[in-house]
Structures are given as structure tokens and as C-alpha cells.
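Okay, so here's the structure we're looking at.
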Amino acid sequence: MTSHAAIRTGAEGLEAGDAVLPCGAPAYYAMPEGGRNFPVVLVAQEIFGLNDHIRDIVRRFGKLGYFAVAPDFLYRHGDPARAPDIETILRTIVYRVPDSETMMIFDESLDFAESRGGARDRAAITGFCWGGRIAWLYAAHNPQLAACVPWYGRLDGPRSDAQPHWPIDVADRIRVPTLGLYGGADPSIPLDLVERMRARLVAADAPADILVYDDAPHAFFADYRPSYRPEAAHDGWNRMLSFFRAHGMG
């Protein structure tokens, strides 16, 4: 794989910065300077927290005319940056976060966006890795969204009191237009599971589809990691933007 450097997007022409939601969750937002009534994009982070990559994605959306906001929905349960490995992050932080709490945090993020100039009636969610799982769940939670684009979000996994449902469990509740972007070379989300999710969406007549990039691994959009695949990442980004525009997010 060719070498690459993480994408860096400046804040010129943007109002961008940190905020604290009513529940106490930190958030990062960006929107064009001046004006109001911007379409809203909620950004759900990976398991690594509200890091530079997620902040950069927020600024990318801001440069395109969106009010983008990414809340740190892990904030009450630990700092992933201090964990020694992914398994520790999952076991000690991520798996302990109640989905109900995360849904509330995204509800507050949408309220925050509206209060600062975002158009609530033109709001979408996108998310990456664990945030892709959250995007599916939030689409089921908030059917008023205009669109949802989960990137390689896990579709099934261990159930607990904190996390009782996975996307495959709520496929029949998806009424938000949704485009899933997945990697065909992602062992954590096998293709037979993707096909089962597709089948449940079809059976429920959900307005959703899943696109698979055959040779892409998990986290193929994460330009700061070795998993990054520029061709799939660029194509997925452009398809996401076209999907947003097709559903009133222009």
C-alpha cells in the first residue's frame, strides 16, 4: 500500500470549536462563518474518542456548508487514549456505555445544532466503526432524520443490559434513508452477516442499502491508520455526499 499522511483540514472560513452539551458531554462542531439554516450532520466517532481525525471530518463537513457536530459519547466511561490496546478500550469503556445514554447525547447534539443555526428538518447522521453501529441505532431511534450513512459499523455482537440491541435487531425499524458503506475484506463484519442485514432490510421494506468495497478492510476511511484505502474512502465520501443531497441535505 502506498504511504500516506493524515488529511488536515483547516478552520479558515469556519466557526469551529469545542462545546459542552447539557448532559456534560464534550462536543466539537464546525459550520460556515455567518448565516444560518445549515443542514446538520451528526458525526459518531470510532472507539478512539473525539480525536483529531473526527475533528477533521467535522471541519470537512463545515467547509461543504454543513453544521457538523461530533459529541464524545464515551466521556463518562473513560479515555480511550489512555488504554493500552483495542481490547481494553472495548472491555473497560465502549461496552459499558448504555445505548440509551448515547441516544440522548445525540438528541442533545441535534438540539445544540439547531440552537446555533442548524436546520433540524435537514439533519443526517454518519458514523465510523463503533460510530457506524450508533448511526444505525440512532436512525431507528429518530425517524425524523433525512439520511443516515454508517461506515463499517458492526451489525451484530454481544448483548447486555447496557447494549441490548444491534443494527440487525432494529432493521425492521429503519425508516430513515440509509446507505451502509462496508469493506469486503473486513473480518470483523463478515459478508454473510452483511447479507443477513440486507435480507432483513428488504423484508422490512426499509429505505436502506449496503455498498461493499470488495478489497477494503475495516476502517478504510481512517486516513491516519494503515487500514486507509484512498480509492474506497474517496468513493464512499462522494457517494455519501450525493446521498445526502438526494435526501434534501443540499
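Just so we're on the same page: first chain in the C-alpha cells is A, next is B, and so on; residues restart at 1 for each chain, and ligands are numbered from 1 in the order they show up.
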task = From the DSSP assignment of the backbone, select every residue of segment 123-210 of chain A that is strand (DSSP E), and format the answer as a PyMOL selection string.
result = chain A and resi 123-128+147-151+178-183+208-210
Selection export as a compact mmCIF listing (two decimals), in the first residue's frame, atoms kept: all heavy atoms:
# COMPACT_ATOMS: atom_id res chain seq x y z
N ALA A 123 -31.44 17.10 8.82
CA ALA A 123 -30.38 16.55 9.66
C ALA A 123 -30.11 15.10 9.29
O ALA A 123 -31.04 14.33 9.03
CB ALA A 123 -30.74 16.66 11.13
N ALA A 124 -28.83 14.74 9.28
CA ALA A 124 -28.41 13.38 8.97
C ALA A 124 -27.39 12.93 10.00
O ALA A 124 -26.85 13.75 10.76
CB ALA A 124 -27.81 13.31 7.57
N ILE A 125 -27.12 11.65 10.01
CA ILE A 125 -26.05 11.11 10.86
C ILE A 125 -25.14 10.24 10.02
O ILE A 125 -25.59 9.53 9.11
CB ILE A 125 -26.62 10.33 12.07
CG1 ILE A 125 -25.49 9.95 13.04
CG2 ILE A 125 -27.41 9.09 11.63
CD1 ILE A 125 -25.97 9.45 14.39
N THR A 126 -23.85 10.32 10.33
CA THR A 126 -22.88 9.38 9.78
C THR A 126 -21.97 8.96 10.92
O THR A 126 -21.82 9.68 11.92
CB THR A 126 -22.07 9.99 8.62
OG1 THR A 126 -21.30 8.97 7.98
CG2 THR A 126 -21.13 11.09 9.10
N GLY A 127 -21.38 7.77 10.81
CA GLY A 127 -20.52 7.29 11.88
C GLY A 127 -19.57 6.23 11.37
O GLY A 127 -19.82 5.59 10.35
N PHE A 128 -18.48 6.04 12.10
CA PHE A 128 -17.38 5.20 11.67
C PHE A 128 -17.07 4.14 12.72
O PHE A 128 -16.98 4.46 13.92
CB PHE A 128 -16.14 6.08 11.42
CG PHE A 128 -16.41 7.19 10.44
CD1 PHE A 128 -16.94 8.40 10.88
CD2 PHE A 128 -16.20 7.03 9.09
CE1 PHE A 128 -17.22 9.43 9.99
CE2 PHE A 128 -16.48 8.04 8.19
CZ PHE A 128 -16.99 9.25 8.64
N ALA A 147 -31.34 11.44 6.54
CA ALA A 147 -30.48 10.41 5.95
C ALA A 147 -29.54 9.86 7.02
O ALA A 147 -29.29 10.51 8.05
CB ALA A 147 -29.68 10.98 4.78
N CYS A 148 -29.00 8.68 6.73
CA CYS A 148 -28.05 8.01 7.63
C CYS A 148 -27.02 7.29 6.77
O CYS A 148 -27.39 6.57 5.83
CB CYS A 148 -28.81 7.04 8.53
SG CYS A 148 -27.76 5.93 9.51
N VAL A 149 -25.73 7.47 7.09
CA VAL A 149 -24.67 6.76 6.37
C VAL A 149 -23.70 6.16 7.38
O VAL A 149 -22.80 6.84 7.89
CB VAL A 149 -23.92 7.68 5.39
CG1 VAL A 149 -22.80 6.90 4.69
CG2 VAL A 149 -24.88 8.27 4.35
N PRO A 150 -23.88 4.87 7.72
CA PRO A 150 -22.95 4.18 8.61
C PRO A 150 -21.76 3.63 7.81
O PRO A 150 -21.94 2.99 6.77
CB PRO A 150 -23.78 3.04 9.19
CG PRO A 150 -25.17 3.22 8.66
CD PRO A 150 -25.05 4.04 7.42
N TRP A 151 -20.56 3.87 8.30
CA TRP A 151 -19.35 3.32 7.70
C TRP A 151 -18.88 2.13 8.56
O TRP A 151 -18.52 2.29 9.72
CB TRP A 151 -18.24 4.36 7.68
CG TRP A 151 -18.48 5.57 6.82
CD1 TRP A 151 -19.36 6.58 7.05
CD2 TRP A 151 -17.80 5.89 5.60
NE1 TRP A 151 -19.28 7.52 6.05
CE2 TRP A 151 -18.32 7.13 5.15
CE3 TRP A 151 -16.80 5.27 4.84
CZ2 TRP A 151 -17.87 7.76 3.98
CZ3 TRP A 151 -16.34 5.89 3.69
CH2 TRP A 151 -16.88 7.11 3.26
N THR A 178 -31.05 5.17 4.30
CA THR A 178 -29.75 4.78 4.85
C THR A 178 -28.89 4.12 3.80
O THR A 178 -29.35 3.28 3.02
CB THR A 178 -29.96 3.81 6.04
OG1 THR A 178 -30.70 4.48 7.07
CG2 THR A 178 -28.63 3.35 6.62
N LEU A 179 -27.61 4.49 3.78
CA LEU A 179 -26.62 3.88 2.90
C LEU A 179 -25.47 3.39 3.76
O LEU A 179 -24.72 4.19 4.33
CB LEU A 179 -26.11 4.89 1.86
CG LEU A 179 -24.97 4.39 0.96
CD1 LEU A 179 -25.44 3.22 0.09
CD2 LEU A 179 -24.43 5.53 0.11
N GLY A 180 -25.32 2.07 3.89
CA GLY A 180 -24.21 1.50 4.63
C GLY A 180 -23.00 1.31 3.72
O GLY A 180 -23.14 0.84 2.59
N LEU A 181 -21.81 1.65 4.21
CA LEU A 181 -20.56 1.52 3.45
C LEU A 181 -19.65 0.56 4.20
O LEU A 181 -19.22 0.85 5.32
CB LEU A 181 -19.90 2.89 3.29
CG LEU A 181 -20.76 3.95 2.56
CD1 LEU A 181 -20.10 5.32 2.65
CD2 LEU A 181 -20.99 3.55 1.11
N TYR A 182 -19.36 -0.58 3.57
CA TYR A 182 -18.67 -1.67 4.25
C TYR A 182 -17.51 -2.20 3.41
O TYR A 182 -17.47 -2.00 2.19
CB TYR A 182 -19.66 -2.79 4.58
CG TYR A 182 -20.53 -2.45 5.77
CD1 TYR A 182 -21.57 -1.52 5.65
CD2 TYR A 182 -20.28 -3.00 7.02
CE1 TYR A 182 -22.34 -1.16 6.75
CE2 TYR A 182 -21.04 -2.64 8.12
CZ TYR A 182 -22.06 -1.73 7.98
OH TYR A 182 -22.82 -1.38 9.08
N GLY A 183 -16.58 -2.88 4.08
CA GLY A 183 -15.42 -3.46 3.41
C GLY A 183 -15.56 -4.96 3.24
O GLY A 183 -15.89 -5.67 4.20
N ALA A 208 -33.17 1.37 2.68
CA ALA A 208 -31.76 1.23 3.03
C ALA A 208 -31.07 0.25 2.09
O ALA A 208 -31.67 -0.70 1.59
CB ALA A 208 -31.62 0.75 4.47
N ASP A 209 -29.79 0.50 1.89
CA ASP A 209 -28.97 -0.40 1.09
C ASP A 209 -27.56 -0.40 1.69
O ASP A 209 -27.19 0.50 2.45
CB ASP A 209 -28.93 0.05 -0.37
CG ASP A 209 -28.43 -1.05 -1.30
OD1 ASP A 209 -28.27 -2.20 -0.85
OD2 ASP A 209 -28.19 -0.76 -2.48
N ILE A 210 -26.80 -1.41 1.33
CA ILE A 210 -25.42 -1.53 1.81
C ILE A 210 -24.51 -1.72 0.60
O ILE A 210 -24.75 -2.61 -0.23
CB ILE A 210 -25.26 -2.70 2.78
CG1 ILE A 210 -26.12 -2.48 4.03
CG2 ILE A 210 -23.79 -2.87 3.18
CD1 ILE A 210 -26.12 -3.66 4.99
task = Would you mind listing what lies within 6 Å of segment 223-226 of chain A as a list in words, with only C-alpha atoms counted and same-chain residues fewer than 2 positions away left out?
result =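 Residues meeting the cut-off are Ala6, Phe221 and Tyr228 of chain A.
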query = What lies within 9 Å of Gly250 of chain A using only C-alpha atoms, ignoring chain neighbours under 3 positions off, as a count of residues only?
reply = 10
key: alpha helix (DSSP H) positions in segment 108-199 of chain A, given as a PyMOL selection string   = chain A and resi 108-115+130-141+191-199
Determine, counting only C-alpha atoms, which protein, DNA and RNA residues have an atom within 12 Å of an atom of Ser115 of chain A; residues of the same chain fewer than 2 positions away are not included. Present the result as a tab-separated table (two decimals) with C-alpha atoms, in the first residue's frame.
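Output (around_10.tsv):
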chain	number	residue	atom	x	y	z
A	21	LEU	CA	-23.79	19.61	25.91
A	36	ARG	CA	-27.95	30.17	9.50
A	37	ASN	CA	-30.19	27.29	8.46
A	38	PHE	CA	-27.33	24.97	7.54
A	40	VAL	CA	-26.91	19.31	10.09
A	67	PHE	CA	-23.34	22.38	10.55
A	108	GLU	CA	-28.79	16.87	22.67
A	109	SER	CA	-26.31	17.30	19.81
A	110	LEU	CA	-29.19	17.89	17.43
A	111	ASP	CA	-30.71	20.40	19.85
A	112	PHE	CA	-27.34	22.15	20.07
A	113	ALA	CA	-27.01	22.33	16.29
A	117	GLY	CA	-28.01	27.84	13.29
A	118	GLY	CA	-28.58	24.29	12.09
A	119	ALA	CA	-31.73	23.17	10.28
A	120	ARG	CA	-33.30	20.41	12.36
query = Quick one: residues within 9 Å of Ile86 of chain A, only C-alpha atoms counted, chain neighbours fewer than 4 positions away excluded, as a list of chain:residue names?
reply =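 Residues meeting the cut-off are A:Ile47, A:Phe48, A:Pro80, A:Leu90, A:Arg91.
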Who sits within 7 Å of Pro217 of chain A, only C-alpha atoms, same chain under 6 positions skipped, as a PyMOL selection string = chain A and resi 183-186+227
Would you write out those residues with N, CA, C and O atoms, as a short mmCIF file (atom, residue, chain, number, x, y, z; two decimals), in the first residue's frame?
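This went into again_29.cif:
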data_model
loop_
_atom_site.label_atom_id
_atom_site.label_comp_id
_atom_site.auth_asym_id
_atom_site.auth_seq_id
_atom_site.Cartn_x
_atom_site.Cartn_y
_atom_site.Cartn_z
N GLY A 183 -16.58 -2.88 4.08
CA GLY A 183 -15.42 -3.46 3.41
C GLY A 183 -15.56 -4.96 3.24
O GLY A 183 -15.89 -5.67 4.20
N GLY A 184 -15.31 -5.43 2.05
CA GLY A 184 -15.40 -6.86 1.78
C GLY A 184 -14.28 -7.67 2.40
O GLY A 184 -14.36 -8.89 2.50
N ALA A 185 -13.21 -6.99 2.83
CA ALA A 185 -12.08 -7.67 3.46
C ALA A 185 -12.01 -7.31 4.94
O ALA A 185 -10.92 -7.15 5.51
N ASP A 186 -13.16 -7.20 5.55
CA ASP A 186 -13.26 -6.84 6.97
C ASP A 186 -13.69 -8.08 7.76
O ASP A 186 -14.86 -8.43 7.79
N SER A 227 -4.99 1.08 7.77
CA SER A 227 -6.15 0.50 7.09
C SER A 227 -6.71 1.38 5.98
O SER A 227 -7.57 0.94 5.21
#
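Within 9 Å of Phe106 of chain A, once only C-alpha atoms are used and residues closer than 2 positions along the same chain are dropped, the contacting residues are Leu42, Ala44, Ala70, Pro71, Phe73, Glu101, Thr102, Met103, Met104, Glu108, Ser109, Leu110, Asp111 and Tyr138 of chain A.
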For those residues, write N, CA and C atoms to a file as a PDB file, in the first residue's frame.
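Now in result.pdb:
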ATOM      1  N   LEU A  42     -24.667  14.956  12.104  1.00  0.00           N
ATOM      2  CA  LEU A  42     -24.176  14.396  13.358  1.00  0.00           C
ATOM      3  C   LEU A  42     -23.098  13.373  13.018  1.00  0.00           C
ATOM      4  N   ALA A  44     -20.640  10.389  14.415  1.00  0.00           N
ATOM      5  CA  ALA A  44     -20.412   9.435  15.501  1.00  0.00           C
ATOM      6  C   ALA A  44     -19.010   8.858  15.380  1.00  0.00           C
ATOM      7  N   ALA A  70     -19.807  16.579  16.469  1.00  0.00           N
ATOM      8  CA  ALA A  70     -19.434  15.241  16.948  1.00  0.00           C
ATOM      9  C   ALA A  70     -19.375  15.265  18.463  1.00  0.00           C
ATOM     10  N   PRO A  71     -20.291  14.596  19.146  1.00  0.00           N
ATOM     11  CA  PRO A  71     -20.232  14.516  20.606  1.00  0.00           C
ATOM     12  C   PRO A  71     -19.346  13.352  21.051  1.00  0.00           C
ATOM     13  N   PHE A  73     -19.438  10.536  23.078  1.00  0.00           N
ATOM     14  CA  PHE A  73     -20.410   9.745  23.836  1.00  0.00           C
ATOM     15  C   PHE A  73     -19.753   8.721  24.756  1.00  0.00           C
ATOM     16  N   GLU A 101     -28.070   6.107  26.809  1.00  0.00           N
ATOM     17  CA  GLU A 101     -27.312   7.326  27.093  1.00  0.00           C
ATOM     18  C   GLU A 101     -26.771   7.931  25.798  1.00  0.00           C
ATOM     19  N   THR A 102     -26.259   7.083  24.920  1.00  0.00           N
ATOM     20  CA  THR A 102     -25.721   7.575  23.649  1.00  0.00           C
ATOM     21  C   THR A 102     -26.811   8.213  22.795  1.00  0.00           C
ATOM     22  N   MET A 103     -27.998   7.601  22.764  1.00  0.00           N
ATOM     23  CA  MET A 103     -29.096   8.200  22.002  1.00  0.00           C
ATOM     24  C   MET A 103     -29.444   9.580  22.556  1.00  0.00           C
ATOM     25  N   MET A 104     -29.446   9.712  23.870  1.00  0.00           N
ATOM     26  CA  MET A 104     -29.740  11.001  24.497  1.00  0.00           C
ATOM     27  C   MET A 104     -28.683  12.037  24.132  1.00  0.00           C
ATOM     28  N   GLU A 108     -29.276  15.582  22.209  1.00  0.00           N
ATOM     29  CA  GLU A 108     -28.788  16.874  22.675  1.00  0.00           C
ATOM     30  C   GLU A 108     -27.891  17.542  21.628  1.00  0.00           C
ATOM     31  N   SER A 109     -27.148  16.747  20.880  1.00  0.00           N
ATOM     32  CA  SER A 109     -26.311  17.301  19.813  1.00  0.00           C
ATOM     33  C   SER A 109     -27.158  17.949  18.734  1.00  0.00           C
ATOM     34  N   LEU A 110     -28.280  17.321  18.414  1.00  0.00           N
ATOM     35  CA  LEU A 110     -29.187  17.891  17.428  1.00  0.00           C
ATOM     36  C   LEU A 110     -29.822  19.177  17.964  1.00  0.00           C
ATOM     37  N   ASP A 111     -30.192  19.182  19.233  1.00  0.00           N
ATOM     38  CA  ASP A 111     -30.715  20.402  19.849  1.00  0.00           C
ATOM     39  C   ASP A 111     -29.669  21.519  19.791  1.00  0.00           C
ATOM     40  N   TYR A 138     -29.260   5.107  15.925  1.00  0.00           N
ATOM     41  CA  TYR A 138     -29.883   6.420  16.040  1.00  0.00           C
ATOM     42  C   TYR A 138     -30.920   6.638  14.944  1.00  0.00           C
TER      43      TYR A 138
END
